[in-house]
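Here is data_37.txt, consisting of compact mmCIF, C-alpha atoms:
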```
# COMPACT_ATOMS: atom_id res chain seq x y z
CA MET A 1 -152.38 52.90 -105.21
CA THR A 2 -154.62 55.93 -105.17
CA ALA A 3 -158.35 55.76 -105.70
CA ILE A 4 -159.34 58.45 -108.21
CA ILE A 5 -162.97 57.52 -108.75
CA GLU A 6 -165.32 56.43 -106.03
CA ALA A 7 -168.95 55.48 -106.57
CA ARG A 8 -171.14 54.96 -103.53
CA ASN A 9 -174.63 53.41 -103.74
CA LEU A 10 -174.98 54.86 -107.18
CA THR A 11 -178.50 54.50 -108.54
CA LYS A 12 -180.07 55.71 -111.77
CA THR A 13 -183.67 55.12 -112.73
CA PHE A 14 -185.41 55.99 -115.97
CA GLY A 15 -189.13 55.94 -115.21
CA SER A 16 -189.85 52.48 -113.85
CA THR A 17 -186.55 51.05 -115.12
CA THR A 18 -183.61 50.89 -112.74
CA ALA A 19 -180.56 51.04 -115.01
CA VAL A 20 -178.03 51.18 -112.19
CA ASP A 21 -179.01 49.76 -108.84
CA SER A 22 -177.03 50.99 -105.85
CA VAL A 23 -173.54 50.10 -107.06
CA SER A 24 -170.37 50.94 -105.17
CA PHE A 25 -166.87 50.57 -106.53
CA THR A 26 -163.49 52.23 -106.67
CA ILE A 27 -161.24 52.97 -109.64
CA GLU A 28 -157.54 53.21 -108.87
CA GLU A 29 -155.02 55.33 -110.69
CA ASN A 30 -152.98 54.13 -113.67
CA ARG A 31 -154.72 50.84 -114.30
CA ILE A 32 -156.66 49.45 -117.21
CA TYR A 33 -160.17 48.46 -116.18
CA GLY A 34 -162.66 46.40 -118.11
CA LEU A 35 -166.29 47.39 -117.59
CA LEU A 36 -168.04 44.35 -118.96
CA GLY A 37 -171.58 43.10 -119.27
CA ARG A 38 -174.40 42.36 -121.63
CA ASN A 39 -176.30 44.88 -123.72
CA GLY A 40 -178.42 47.06 -121.47
CA ALA A 41 -176.54 45.94 -118.35
CA GLY A 42 -175.91 49.56 -117.32
CA LYS A 43 -172.34 50.09 -118.52
CA THR A 44 -172.96 53.25 -120.54
CA THR A 45 -175.18 54.72 -117.82
CA ILE A 46 -172.41 54.19 -115.27
CA MET A 47 -169.89 55.89 -117.57
CA GLN A 48 -172.26 58.82 -118.06
CA LEU A 49 -172.64 59.19 -114.31
CA LEU A 50 -168.87 58.99 -113.75
CA THR A 51 -168.24 61.68 -116.37
CA GLY A 52 -170.94 64.04 -115.13
CA GLN A 53 -173.05 63.68 -118.28
CA ASP A 54 -176.05 62.56 -116.31
CA PHE A 55 -177.37 62.99 -112.78
CA ALA A 56 -177.60 60.09 -110.38
CA THR A 57 -181.05 59.38 -108.94
CA SER A 58 -179.34 58.68 -105.64
CA GLY A 59 -175.91 57.87 -104.31
CA ASP A 60 -172.81 59.77 -105.31
CA VAL A 61 -169.71 59.83 -107.48
CA ALA A 62 -166.42 61.43 -106.54
CA VAL A 63 -163.69 61.92 -109.13
CA TYR A 64 -160.52 63.30 -107.54
CA GLY A 65 -162.73 63.70 -104.49
CA GLN A 66 -165.24 65.97 -106.23
CA SER A 67 -168.50 65.65 -108.09
CA PRO A 68 -167.82 65.55 -111.86
CA VAL A 69 -171.02 67.41 -112.79
CA GLU A 70 -170.20 70.80 -114.38
CA ASN A 71 -166.80 70.61 -112.73
CA ALA A 72 -164.04 71.89 -115.02
CA HIS A 73 -161.30 70.79 -112.65
CA VAL A 74 -162.48 67.18 -112.99
CA LEU A 75 -163.67 67.17 -116.60
CA GLN A 76 -160.44 68.52 -118.09
CA ASN A 77 -158.80 65.30 -116.93
CA ILE A 78 -161.35 63.07 -118.64
CA SER A 79 -161.61 61.83 -122.19
CA PHE A 80 -164.85 59.95 -122.91
CA ILE A 81 -165.02 58.13 -126.23
CA LYS A 82 -168.55 57.06 -126.96
CA GLU A 83 -169.89 54.37 -129.19
CA SER A 84 -171.78 56.91 -131.28
CA GLN A 85 -170.03 60.23 -130.92
CA LYS A 86 -171.83 63.13 -132.58
CA TYR A 87 -169.90 65.89 -134.35
CA PRO A 88 -171.07 69.22 -135.79
CA ASP A 89 -172.63 68.72 -139.26
CA ALA A 90 -170.02 70.57 -141.29
CA PHE A 91 -167.00 68.93 -139.62
CA GLN A 92 -164.28 67.10 -141.47
CA VAL A 93 -161.80 64.77 -139.79
CA ARG A 94 -159.19 67.55 -139.66
CA HIS A 95 -161.61 69.80 -137.73
CA VAL A 96 -162.01 67.16 -135.04
CA LEU A 97 -158.24 66.88 -134.69
CA ALA A 98 -157.81 70.65 -134.72
CA SER A 99 -160.32 71.15 -131.91
CA ALA A 100 -159.16 68.26 -129.70
CA PRO A 101 -156.18 70.20 -128.22
CA TRP A 102 -158.63 72.82 -126.90
CA PHE A 103 -160.01 70.22 -124.53
CA PHE A 104 -157.04 67.98 -123.78
CA THR A 105 -153.92 69.55 -122.32
CA ASN A 106 -151.83 66.42 -122.95
CA TRP A 107 -152.90 66.16 -126.61
CA ASP A 108 -150.11 64.72 -128.78
CA GLN A 109 -150.55 65.88 -132.36
CA SER A 110 -147.78 63.78 -133.86
CA PHE A 111 -149.17 60.65 -132.18
CA ALA A 112 -152.60 61.52 -133.62
CA ASP A 113 -151.08 61.95 -137.09
CA THR A 114 -149.34 58.57 -136.87
CA LEU A 115 -152.55 56.87 -135.75
CA LEU A 116 -154.50 58.55 -138.53
CA GLY A 117 -152.19 56.94 -141.07
CA GLU A 118 -152.22 53.56 -139.35
CA PHE A 119 -156.01 53.46 -139.12
CA ARG A 120 -156.27 54.89 -142.66
CA VAL A 121 -158.68 57.68 -141.80
CA PRO A 122 -158.70 60.40 -144.52
CA LEU A 123 -158.03 63.81 -143.02
CA LYS A 124 -160.16 65.82 -145.43
CA ARG A 125 -163.22 63.60 -145.46
CA ASP A 126 -166.56 64.91 -144.15
CA ILE A 127 -167.45 63.19 -140.90
CA LYS A 128 -170.86 62.37 -142.36
CA LYS A 129 -169.21 60.45 -145.19
CA LEU A 130 -166.99 58.25 -143.00
CA SER A 131 -167.81 54.55 -142.83
CA ARG A 132 -168.92 53.14 -139.47
CA GLY A 133 -165.44 51.66 -138.95
CA GLN A 134 -163.65 54.91 -139.83
CA LEU A 135 -165.90 56.81 -137.42
CA SER A 136 -164.97 54.36 -134.65
CA ALA A 137 -161.29 54.65 -135.62
CA LEU A 138 -161.51 58.43 -135.29
CA GLY A 139 -162.87 58.02 -131.75
CA VAL A 140 -160.06 55.64 -130.87
CA ILE A 141 -157.48 58.09 -132.26
CA VAL A 142 -158.89 60.98 -130.22
CA GLY A 143 -159.04 58.79 -127.11
CA LEU A 144 -155.44 57.64 -127.41
CA ALA A 145 -153.87 60.94 -128.50
CA SER A 146 -155.69 62.93 -125.82
CA ARG A 147 -153.65 61.06 -123.15
CA ALA A 148 -156.20 62.19 -120.59
CA PRO A 149 -155.44 61.00 -117.03
CA ILE A 150 -158.80 59.19 -117.12
CA THR A 151 -159.89 57.78 -120.45
CA PHE A 152 -163.22 56.05 -121.02
CA PHE A 153 -163.74 53.94 -124.12
CA ASP A 154 -167.39 52.92 -124.41
CA GLU A 155 -167.62 50.14 -127.01
CA PRO A 156 -165.10 52.08 -129.09
CA TYR A 157 -164.95 49.73 -132.03
CA LEU A 158 -168.30 49.22 -133.68
CA GLY A 159 -167.52 48.34 -137.31
CA LEU A 160 -163.75 48.21 -136.75
CA ASP A 161 -162.10 45.33 -138.60
CA ALA A 162 -159.88 42.76 -136.87
CA VAL A 163 -156.67 44.46 -138.05
CA SER A 164 -157.76 47.82 -136.66
CA ARG A 165 -158.89 46.30 -133.36
CA GLN A 166 -155.50 44.63 -132.92
CA LEU A 167 -153.86 47.94 -133.79
CA PHE A 168 -155.97 49.63 -131.12
CA TYR A 169 -154.93 47.08 -128.46
CA ASP A 170 -151.25 47.33 -129.42
CA ARG A 171 -151.16 51.14 -129.44
CA LEU A 172 -153.16 51.30 -126.22
CA LEU A 173 -150.67 49.01 -124.42
CA GLU A 174 -147.62 50.78 -125.81
CA ASP A 175 -148.87 54.24 -125.00
CA PHE A 176 -150.16 53.15 -121.60
CA ALA A 177 -146.69 51.79 -120.79
CA ALA A 178 -145.02 55.03 -121.87
CA HIS A 179 -147.65 57.33 -120.37
CA PRO A 180 -149.43 55.53 -117.53
CA ARG A 181 -153.03 56.62 -117.04
CA THR A 182 -156.37 55.25 -116.01
CA VAL A 183 -158.31 53.55 -118.77
CA ILE A 184 -161.85 52.24 -118.46
CA LEU A 185 -162.79 50.07 -121.41
CA SER A 186 -166.32 48.86 -121.93
CA THR A 187 -166.79 46.06 -124.41
CA HIS A 188 -168.48 42.77 -125.12
CA LEU A 189 -165.47 41.40 -127.01
CA ILE A 190 -164.21 40.01 -123.73
CA ASP A 191 -161.85 37.35 -125.05
CA GLU A 192 -160.07 39.91 -127.20
CA VAL A 193 -159.30 42.29 -124.38
CA SER A 194 -158.96 39.98 -121.38
CA ASN A 195 -155.14 40.03 -121.43
CA LEU A 196 -155.03 43.82 -121.52
CA LEU A 197 -157.06 44.28 -118.38
CA GLU A 198 -155.69 44.56 -114.89
CA HIS A 199 -159.06 44.73 -113.20
CA VAL A 200 -162.51 43.61 -114.25
CA ILE A 201 -165.91 44.96 -113.22
CA VAL A 202 -168.88 43.04 -114.56
CA ILE A 203 -172.34 44.61 -114.51
CA ASP A 204 -175.55 42.68 -114.95
CA GLU A 205 -179.00 44.27 -114.78
CA GLY A 206 -177.62 47.27 -112.93
CA HIS A 207 -175.73 45.23 -110.34
CA ILE A 208 -172.03 44.47 -110.03
CA ILE A 209 -171.57 40.71 -110.22
CA ILE A 210 -167.76 40.67 -110.40
CA ASP A 211 -165.25 43.26 -109.14
CA SER A 212 -161.90 41.53 -109.15
CA SER A 213 -158.35 41.63 -110.45
CA ALA A 214 -158.03 39.85 -113.79
CA ASP A 215 -155.35 37.58 -112.34
CA ASP A 216 -157.62 36.37 -109.57
CA LEU A 217 -160.39 35.64 -112.06
CA ARG A 218 -158.15 33.61 -114.31
CA GLY A 219 -158.35 30.07 -113.07
CA SER A 220 -161.15 30.89 -110.63
CA ALA A 221 -163.38 28.42 -112.42
CA VAL A 222 -162.77 25.10 -114.11
CA THR A 223 -164.87 22.79 -116.26
CA ILE A 224 -164.86 19.07 -115.53
CA VAL A 225 -165.71 16.66 -118.31
CA GLY A 226 -166.23 12.93 -117.94
CA LYS A 227 -168.65 10.16 -117.07
CA SER A 228 -171.66 11.60 -115.23
CA VAL A 229 -171.19 9.48 -112.10
CA ASP A 230 -167.50 10.37 -111.78
CA VAL A 231 -168.14 14.06 -112.44
CA ALA A 232 -170.95 14.11 -109.88
CA ALA A 233 -168.69 12.52 -107.27
CA PHE A 234 -165.89 14.98 -107.99
CA VAL A 235 -168.01 18.16 -107.81
CA GLU A 236 -169.77 17.04 -104.62
CA GLY A 237 -169.66 19.92 -102.15
CA ARG A 238 -168.28 22.43 -104.65
CA GLU A 239 -170.00 25.50 -106.07
CA VAL A 240 -171.44 24.55 -109.44
CA ILE A 241 -172.16 27.39 -111.87
CA HIS A 242 -173.07 25.39 -114.95
CA ARG A 243 -174.16 21.88 -115.87
CA ASP A 244 -174.47 20.33 -119.26
CA GLY A 245 -174.46 16.78 -120.50
CA ILE A 246 -175.19 14.32 -123.22
CA GLY A 247 -175.84 10.62 -122.73
CA GLY A 248 -173.68 9.39 -119.88
CA LEU A 249 -171.27 12.32 -120.18
CA SER A 250 -171.35 15.47 -118.08
CA THR A 251 -169.74 18.86 -118.33
CA VAL A 252 -169.84 20.77 -115.08
CA THR A 253 -168.25 24.14 -114.34
CA ILE A 254 -167.29 24.85 -110.76
CA THR A 255 -165.73 27.87 -109.08
CA GLY A 256 -162.71 27.80 -106.83
CA GLN A 257 -159.09 26.84 -107.36
CA LEU A 258 -158.19 23.20 -107.69
CA SER A 259 -155.20 22.04 -105.67
CA ALA A 260 -152.54 19.80 -107.19
CA ALA A 261 -154.10 16.89 -105.27
CA ASP A 262 -157.54 17.73 -106.74
CA ARG A 263 -156.07 17.67 -110.22
CA GLN A 264 -154.41 14.32 -109.64
CA ALA A 265 -157.62 12.88 -108.24
CA ALA A 266 -159.47 14.11 -111.31
CA THR A 267 -156.95 12.58 -113.68
CA ALA A 268 -156.99 9.33 -111.72
CA ALA A 269 -160.79 9.24 -112.02
CA GLY A 270 -160.46 9.67 -115.78
CA LEU A 271 -161.86 13.19 -115.75
CA GLU A 272 -160.72 15.94 -118.03
CA LEU A 273 -160.19 19.45 -116.72
CA ALA A 274 -160.76 22.34 -119.09
CA PRO A 275 -159.97 25.99 -118.41
CA VAL A 276 -162.77 28.54 -118.37
CA SER A 277 -162.04 31.76 -120.23
CA LEU A 278 -163.01 35.10 -118.76
CA GLN A 279 -165.73 35.36 -121.39
CA GLN A 280 -167.19 31.95 -120.52
CA LEU A 281 -167.02 32.75 -116.83
CA ILE A 282 -168.94 35.99 -117.32
CA VAL A 283 -171.54 34.29 -119.51
CA ARG A 284 -172.02 31.57 -116.88
CA LEU A 285 -172.31 34.02 -114.01
CA SER A 286 -174.69 36.35 -115.91
CA VAL A 287 -176.97 33.45 -116.75
CA LEU A 288 -176.79 32.26 -113.16
CA GLU A 289 -177.77 35.73 -112.02
CA ASP A 290 -180.85 35.65 -114.28
CA ALA A 291 -181.84 32.27 -112.94
CA ALA A 292 -181.45 33.53 -109.38
CA THR A 293 -183.65 36.58 -109.95
CA GLU A 294 -186.29 34.38 -111.54
CA GLY A 295 -186.19 32.12 -108.53
CA VAL A 296 -185.11 29.04 -110.49
CA LEU A 297 -181.98 28.67 -108.43
CA SER A 298 -181.43 29.92 -104.95
CA MET B 299 -151.38 32.35 -123.15
CA ASP B 300 -153.26 29.54 -121.49
CA GLU B 301 -156.57 30.48 -119.91
CA SER B 302 -156.39 28.37 -116.80
CA ARG B 303 -153.55 30.04 -114.94
CA PRO B 304 -152.64 33.60 -114.00
CA ILE B 305 -150.72 35.27 -116.84
CA PHE B 306 -147.95 36.52 -114.55
CA LEU B 307 -147.05 32.92 -113.68
CA GLN B 308 -146.92 32.05 -117.34
CA ILE B 309 -144.65 35.02 -118.06
CA ALA B 310 -142.30 33.97 -115.25
CA GLU B 311 -142.28 30.42 -116.64
CA GLN B 312 -141.54 31.66 -120.14
CA ILE B 313 -138.53 33.64 -118.90
CA GLU B 314 -137.37 30.58 -116.93
CA ASN B 315 -137.63 28.48 -120.11
CA ASP B 316 -135.50 31.00 -121.98
CA ILE B 317 -132.88 30.91 -119.24
CA ILE B 318 -132.84 27.08 -119.20
CA SER B 319 -132.58 26.89 -123.00
CA GLY B 320 -129.77 29.44 -122.94
CA ALA B 321 -131.68 32.01 -125.00
CA LEU B 322 -131.18 34.34 -122.03
CA ALA B 323 -127.64 33.83 -120.80
CA GLU B 324 -126.54 34.58 -117.24
CA GLU B 325 -125.44 38.14 -116.59
CA THR B 326 -127.24 39.38 -119.71
CA GLN B 327 -130.04 41.92 -119.69
CA VAL B 328 -133.61 40.70 -120.08
CA PRO B 329 -136.26 42.73 -121.93
CA SER B 330 -138.03 45.42 -119.92
CA THR B 331 -141.47 44.91 -118.41
CA ASN B 332 -142.96 47.13 -121.11
CA GLU B 333 -141.24 45.15 -123.85
CA PHE B 334 -142.64 41.91 -122.42
CA ALA B 335 -146.08 43.51 -122.21
CA ALA B 336 -145.98 44.66 -125.83
CA PHE B 337 -144.61 41.32 -127.06
CA TYR B 338 -147.13 39.13 -125.27
CA ARG B 339 -149.91 41.74 -125.62
CA ILE B 340 -150.63 41.81 -121.92
CA ASN B 341 -151.08 44.47 -119.29
CA PRO B 342 -147.69 45.93 -118.21
CA ALA B 343 -148.63 45.49 -114.53
CA THR B 344 -149.13 41.77 -115.16
CA ALA B 345 -145.78 41.49 -116.94
CA GLY B 346 -144.18 43.33 -114.02
CA LYS B 347 -145.68 40.86 -111.56
CA GLY B 348 -144.13 37.96 -113.48
CA VAL B 349 -140.71 39.62 -113.60
CA ASN B 350 -140.87 40.50 -109.89
CA LEU B 351 -141.62 36.88 -109.04
CA LEU B 352 -138.25 35.95 -110.55
CA VAL B 353 -136.54 38.84 -108.78
CA ASP B 354 -137.92 37.53 -105.46
CA ASP B 355 -136.57 34.08 -106.31
CA GLY B 356 -133.14 35.56 -107.05
CA ILE B 357 -133.28 34.42 -110.69
CA LEU B 358 -133.23 37.98 -111.98
CA TYR B 359 -131.73 41.03 -110.33
CA LYS B 360 -132.13 44.76 -110.81
CA LYS B 361 -129.35 47.08 -111.81
CA ARG B 362 -130.55 50.48 -110.78
CA GLY B 363 -131.25 52.71 -113.77
CA ILE B 364 -130.24 50.04 -116.28
CA GLY B 365 -132.69 47.17 -116.05
CA MET B 366 -133.07 43.50 -115.20
CA PHE B 367 -130.33 40.91 -115.54
CA VAL B 368 -130.13 37.13 -115.26
CA ALA B 369 -128.36 36.22 -112.01
CA GLU B 370 -125.25 34.08 -111.92
CA GLY B 371 -126.12 30.43 -111.23
CA ALA B 372 -129.75 31.01 -112.26
CA ARG B 373 -129.72 28.26 -114.85
CA THR B 374 -128.39 25.59 -112.48
CA ARG B 375 -130.98 26.49 -109.87
CA LEU B 376 -133.83 26.44 -112.38
CA VAL B 377 -132.75 23.07 -113.74
CA ALA B 378 -132.67 21.66 -110.19
CA LYS B 379 -136.15 23.04 -109.53
CA ARG B 380 -137.55 21.64 -112.76
CA ARG B 381 -136.02 18.22 -112.00
CA ASP B 382 -137.86 18.18 -108.70
CA GLN B 383 -141.11 18.81 -110.56
CA PHE B 384 -140.35 16.35 -113.34
CA THR B 385 -141.80 13.24 -111.66
CA GLU B 386 -145.00 14.96 -110.71
CA GLU B 387 -145.56 16.77 -114.00
CA PHE B 388 -144.36 14.23 -116.53
CA VAL B 389 -143.65 10.77 -115.12
CA ARG B 390 -146.82 10.34 -113.05
CA PRO B 391 -149.24 11.25 -115.88
CA LEU B 392 -147.20 9.05 -118.24
CA VAL B 393 -147.47 6.05 -115.93
CA ALA B 394 -151.18 6.69 -115.37
CA GLU B 395 -151.90 6.86 -119.10
CA ALA B 396 -149.83 3.73 -119.73
CA ALA B 397 -151.79 1.86 -117.07
CA LYS B 398 -155.04 2.97 -118.70
CA LEU B 399 -153.88 1.51 -122.02
CA GLY B 400 -152.60 -1.71 -120.47
CA ILE B 401 -148.94 -0.96 -121.17
CA THR B 402 -146.79 -2.72 -118.60
CA THR B 403 -143.93 -1.02 -116.79
CA ALA B 404 -141.41 -3.10 -118.72
CA GLN B 405 -143.04 -2.17 -122.03
CA LEU B 406 -143.08 1.47 -120.99
CA ALA B 407 -139.37 1.35 -120.15
CA GLU B 408 -138.71 -0.22 -123.54
CA LEU B 409 -140.71 2.49 -125.32
CA ILE B 410 -138.73 5.20 -123.54
CA THR B 411 -135.41 3.58 -124.39
CA LYS B 412 -136.43 3.20 -128.04
CA GLU B 413 -137.60 6.84 -128.22
CA ALA B 414 -134.37 8.11 -126.67
CA HIS B 415 -132.30 6.25 -129.25
CA ALA B 416 -134.43 7.20 -132.22
```

Show me the file's structure as structure tokens.
Amino acid sequence: MTAIIEARNLTKTFGSTTAVDSVSFTIEENRIYGLLGRNGAGKTTIMQLLTGQDFATSGDVAVYGQSPVENAHVLQNISFIKESQKYPDAFQVRHVLASAPWFFTNWDQSFADTLLGEFRVPLKRDIKKLSRGQLSALGVIVGLASRAPITFFDEPYLGLDAVSRQLFYDRLLEDFAAHPRTVILSTHLIDEVSNLLEHVIVIDEGHIIIDSSADDLRGSAVTIVGKSVDVAAFVEGREVIHRDGIGGLSTVTITGQLSAADRQAATAAGLELAPVSLQQLIVRLSVLEDAATEGVLS
Amino acid sequence: MDESRPIFLQIAEQIENDIISGALAEETQVPSTNEFAAFYRINPATAGKGVNLLVDDGILYKKRGIGMFVAEGARTRLVAKRRDQFTEEFVRPLVAEAAKLGITTAQLAELITKEAHA
């Protein structure tokens, strides 16, 4: 595997706000990454720094070993689909598609045409008159058909209906399989995309709280439900990331893999084990992070 | 897909199930990694990991330039493996649950016999 993007101690401050706080990570070639986190976590800022659309306050970014800022060699390999892409006032959909090949050498016009039909975006409509969902669909179409070696999708589907989102996931997987490339997808619809991702980076308040393969994360936490005393005995000495309870019942989420013996012991004690989805895990860890910064937990 | 276990293990298990049930016969070609990925809506690298697990176990084998095939004797070996796991995965929880409900071993045996003949 080849690293194509490297961020080292990347920091970005806006006045007194630190949007990105000394993060370091590596993006490897031909994988689908999820850049996940809450609103305002720093996802978009990181994408802007990686694509040379903003300057880092300190630290550095190397894409293909070079700084992306004003660097044609780097930027011609990048497609960055933003949540709210702006187009020239007089543009119609067909103008966007006509100008895309100027920027993307791998542009596939027939793929774009197919997608346009599937997403039902009218070719001769003024961009200003598109619905929010159609505007998002247009972004998705450009992102997929550009087949750029590095494609960023920043919350690409505001207003997209469930059918169109599924269509996006299906076409992304199919085209990724046929034309491998690096995809960085930022979203808060974590459950919907979790199976598509090979690697997950979770940002919270400008820090990376998870940087792990999706396979390792799956099953890295488990929720134990049962009588409070039994649950307490079982989780003794384990890392607890969430506690909840009602009456004499407890629900406790712990990290770490359970061995077959652990599972048997749990069943024997009358405890129920419930899986923790990627989304739940991220919610738990983000909340935990907040508590830690506020000094509630240590 | 179940959330608690790595997807590649679940893919491998699914292919094993299809071999055991006969849906994938020995010496026939199995779908490609990309076809599995599209069908289960998962990352192709994950699907590939599942398929490779079975290649390492000798359940599937590669024909260069053609694709993946089910190995000869794969079904027999999988059935033997699943039988080894049967007590742990099915009998033990069954006995535990029966004990919890106050069902005696004799009653349990009777229930199983009745179910098998139903």

message = Quick check, in Å to one decimal: how far apart do CA of Met299 (chain B) and CA of Ile224 (chain A) lie?
response = 20.4 Å

task = Pull out every residue of chain A that has at least one atom within 7 Å of chain B, counting all atoms listed in the file, and report them as number ranges by chain.
result = A: 170, 173-174, 177, 195-198, 215, 218-219, 275-277

request  = Tell me which protein, DNA and RNA residues are within 12 Å of Ala321 (chain B), counting all atoms listed in the file, leaving out same-chain ones fewer than 6 positions away, and put them as a list in words.
outcome  =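 Everything that qualifies: Gln312, Ile313, Glu314, Asn315, Gln327, Val328, Val368 and Arg373 of chain B.
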
task = Enter the distance from CA of Thr374 (chain B) to CA of Gly356 (chain B), in Å, rounded to one decimal.
result = 12.3 Å

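The spacing separating CA of Ala274 (chain A) from CA of Thr223 (chain A) amounts to 5.0 Å.
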
task = Using all atoms listed in the file, find the one residue out of B:Val393, B:Ala372, B:Ala378, B:Ala416 that sits nearest to Asp316 (chain B).
result = B:Ala372

inquiry  = Would you pick out the contacts of Phe153 (chain A) at 12 Å or less, using only C-alpha atoms, so that residues sharing its chain but fewer than 5 positions from it are not included, and give the list as a VMD selection string?
reply    = chain A and resid 32 to 36 43 to 44 47 to 48 51 78 to 85 136 to 137 139 to 144 148 158 168 to 169 172 182 to 187

Keeping only C-alpha atoms, write those residues as a PDB file, in the frame of the given file.
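Ended up saving to selection14.pdb:
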```
ATOM      1  CA  ILE A  32    -156.660  49.450-117.210  1.00  0.00           C
ATOM      2  CA  TYR A  33    -160.170  48.460-116.180  1.00  0.00           C
ATOM      3  CA  GLY A  34    -162.660  46.400-118.110  1.00  0.00           C
ATOM      4  CA  LEU A  35    -166.290  47.390-117.590  1.00  0.00           C
ATOM      5  CA  LEU A  36    -168.040  44.350-118.960  1.00  0.00           C
ATOM      6  CA  LYS A  43    -172.340  50.090-118.520  1.00  0.00           C
ATOM      7  CA  THR A  44    -172.960  53.250-120.540  1.00  0.00           C
ATOM      8  CA  MET A  47    -169.890  55.890-117.570  1.00  0.00           C
ATOM      9  CA  GLN A  48    -172.260  58.820-118.060  1.00  0.00           C
ATOM     10  CA  THR A  51    -168.240  61.680-116.370  1.00  0.00           C
ATOM     11  CA  ILE A  78    -161.350  63.070-118.640  1.00  0.00           C
ATOM     12  CA  SER A  79    -161.610  61.830-122.190  1.00  0.00           C
ATOM     13  CA  PHE A  80    -164.850  59.950-122.910  1.00  0.00           C
ATOM     14  CA  ILE A  81    -165.020  58.130-126.230  1.00  0.00           C
ATOM     15  CA  LYS A  82    -168.550  57.060-126.960  1.00  0.00           C
ATOM     16  CA  GLU A  83    -169.890  54.370-129.190  1.00  0.00           C
ATOM     17  CA  SER A  84    -171.780  56.910-131.280  1.00  0.00           C
ATOM     18  CA  GLN A  85    -170.030  60.230-130.920  1.00  0.00           C
ATOM     19  CA  SER A 136    -164.970  54.360-134.650  1.00  0.00           C
ATOM     20  CA  ALA A 137    -161.290  54.650-135.620  1.00  0.00           C
ATOM     21  CA  GLY A 139    -162.870  58.020-131.750  1.00  0.00           C
ATOM     22  CA  VAL A 140    -160.060  55.640-130.870  1.00  0.00           C
ATOM     23  CA  ILE A 141    -157.480  58.090-132.260  1.00  0.00           C
ATOM     24  CA  VAL A 142    -158.890  60.980-130.220  1.00  0.00           C
ATOM     25  CA  GLY A 143    -159.040  58.790-127.110  1.00  0.00           C
ATOM     26  CA  LEU A 144    -155.440  57.640-127.410  1.00  0.00           C
ATOM     27  CA  ALA A 148    -156.200  62.190-120.590  1.00  0.00           C
ATOM     28  CA  LEU A 158    -168.300  49.220-133.680  1.00  0.00           C
ATOM     29  CA  PHE A 168    -155.970  49.630-131.120  1.00  0.00           C
ATOM     30  CA  TYR A 169    -154.930  47.080-128.460  1.00  0.00           C
ATOM     31  CA  LEU A 172    -153.160  51.300-126.220  1.00  0.00           C
ATOM     32  CA  THR A 182    -156.370  55.250-116.010  1.00  0.00           C
ATOM     33  CA  VAL A 183    -158.310  53.550-118.770  1.00  0.00           C
ATOM     34  CA  ILE A 184    -161.850  52.240-118.460  1.00  0.00           C
ATOM     35  CA  LEU A 185    -162.790  50.070-121.410  1.00  0.00           C
ATOM     36  CA  SER A 186    -166.320  48.860-121.930  1.00  0.00           C
ATOM     37  CA  THR A 187    -166.790  46.060-124.410  1.00  0.00           C
TER      38      THR A 187
END
```

query = Which residue gives the smallest distance to Ile357 (chain B) among B:Gln308, B:Thr411, B:Thr326, B:Thr402, with all atoms listed in the file counted?
reply =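 Using all atoms listed in the file, the shortest distance to Ile357 (chain B) belongs to B:Thr326.
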
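Around the point (-164.7, 67.1, -121.7), within 10 Å and counting only C-alpha atoms, we find these residues: Thr51, Gly52, Gln53, Glu70, Asn71, Ala72, Val74, Leu75, Gln76, Asn77, Ile78, Ser79, Phe80, Ala100, Trp102, Phe103, Phe104 and Ala148 of chain A.
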
task = Kindly indicate which residue among B:Leu409, B:Ala404, B:Ala369, B:Leu392 lies nearest to Leu352 (chain B), using only C-alpha atoms for the distances.
result =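 Nearest to Leu352 (chain B): B:Ala369.
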
Which residues come within 9 Å of Leu217 (chain A), counting all atoms listed in the file, excluding same-chain residues fewer than 3 positions away, as a CSV table (one decimal) with C-alpha atoms, keeping the file's coordinate frame?
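result.csv, freshly written:
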```csv
chain,number,residue,atom,x,y,z
A,200,VAL,CA,-162.5,43.6,-114.2
A,212,SER,CA,-161.9,41.5,-109.2
A,213,SER,CA,-158.4,41.6,-110.4
A,214,ALA,CA,-158.0,39.8,-113.8
A,220,SER,CA,-161.2,30.9,-110.6
A,221,ALA,CA,-163.4,28.4,-112.4
A,278,LEU,CA,-163.0,35.1,-118.8
A,281,LEU,CA,-167.0,32.8,-116.8
B,304,PRO,CA,-152.6,33.6,-114.0
```

Counting all atoms listed in the file, note down every residue that has an atom within 12 Å of the point (-174.5, 19.5, -119.0) (file coordinates), as a short mmCIF file (atom, residue, chain, number, x, y, z; two decimals) with C-alpha atoms, in the frame of the given file.
```cif
data_model
loop_
_atom_site.label_atom_id
_atom_site.label_comp_id
_atom_site.auth_asym_id
_atom_site.auth_seq_id
_atom_site.Cartn_x
_atom_site.Cartn_y
_atom_site.Cartn_z
CA THR A 223 -164.87 22.79 -116.26
CA ILE A 224 -164.86 19.07 -115.53
CA VAL A 225 -165.71 16.66 -118.31
CA GLY A 226 -166.23 12.93 -117.94
CA LYS A 227 -168.65 10.16 -117.07
CA SER A 228 -171.66 11.60 -115.23
CA VAL A 231 -168.14 14.06 -112.44
CA ALA A 232 -170.95 14.11 -109.88
CA VAL A 240 -171.44 24.55 -109.44
CA ILE A 241 -172.16 27.39 -111.87
CA HIS A 242 -173.07 25.39 -114.95
CA ARG A 243 -174.16 21.88 -115.87
CA ASP A 244 -174.47 20.33 -119.26
CA GLY A 245 -174.46 16.78 -120.50
CA ILE A 246 -175.19 14.32 -123.22
CA GLY A 247 -175.84 10.62 -122.73
CA GLY A 248 -173.68 9.39 -119.88
CA LEU A 249 -171.27 12.32 -120.18
CA SER A 250 -171.35 15.47 -118.08
CA THR A 251 -169.74 18.86 -118.33
CA VAL A 252 -169.84 20.77 -115.08
CA THR A 253 -168.25 24.14 -114.34
#
```
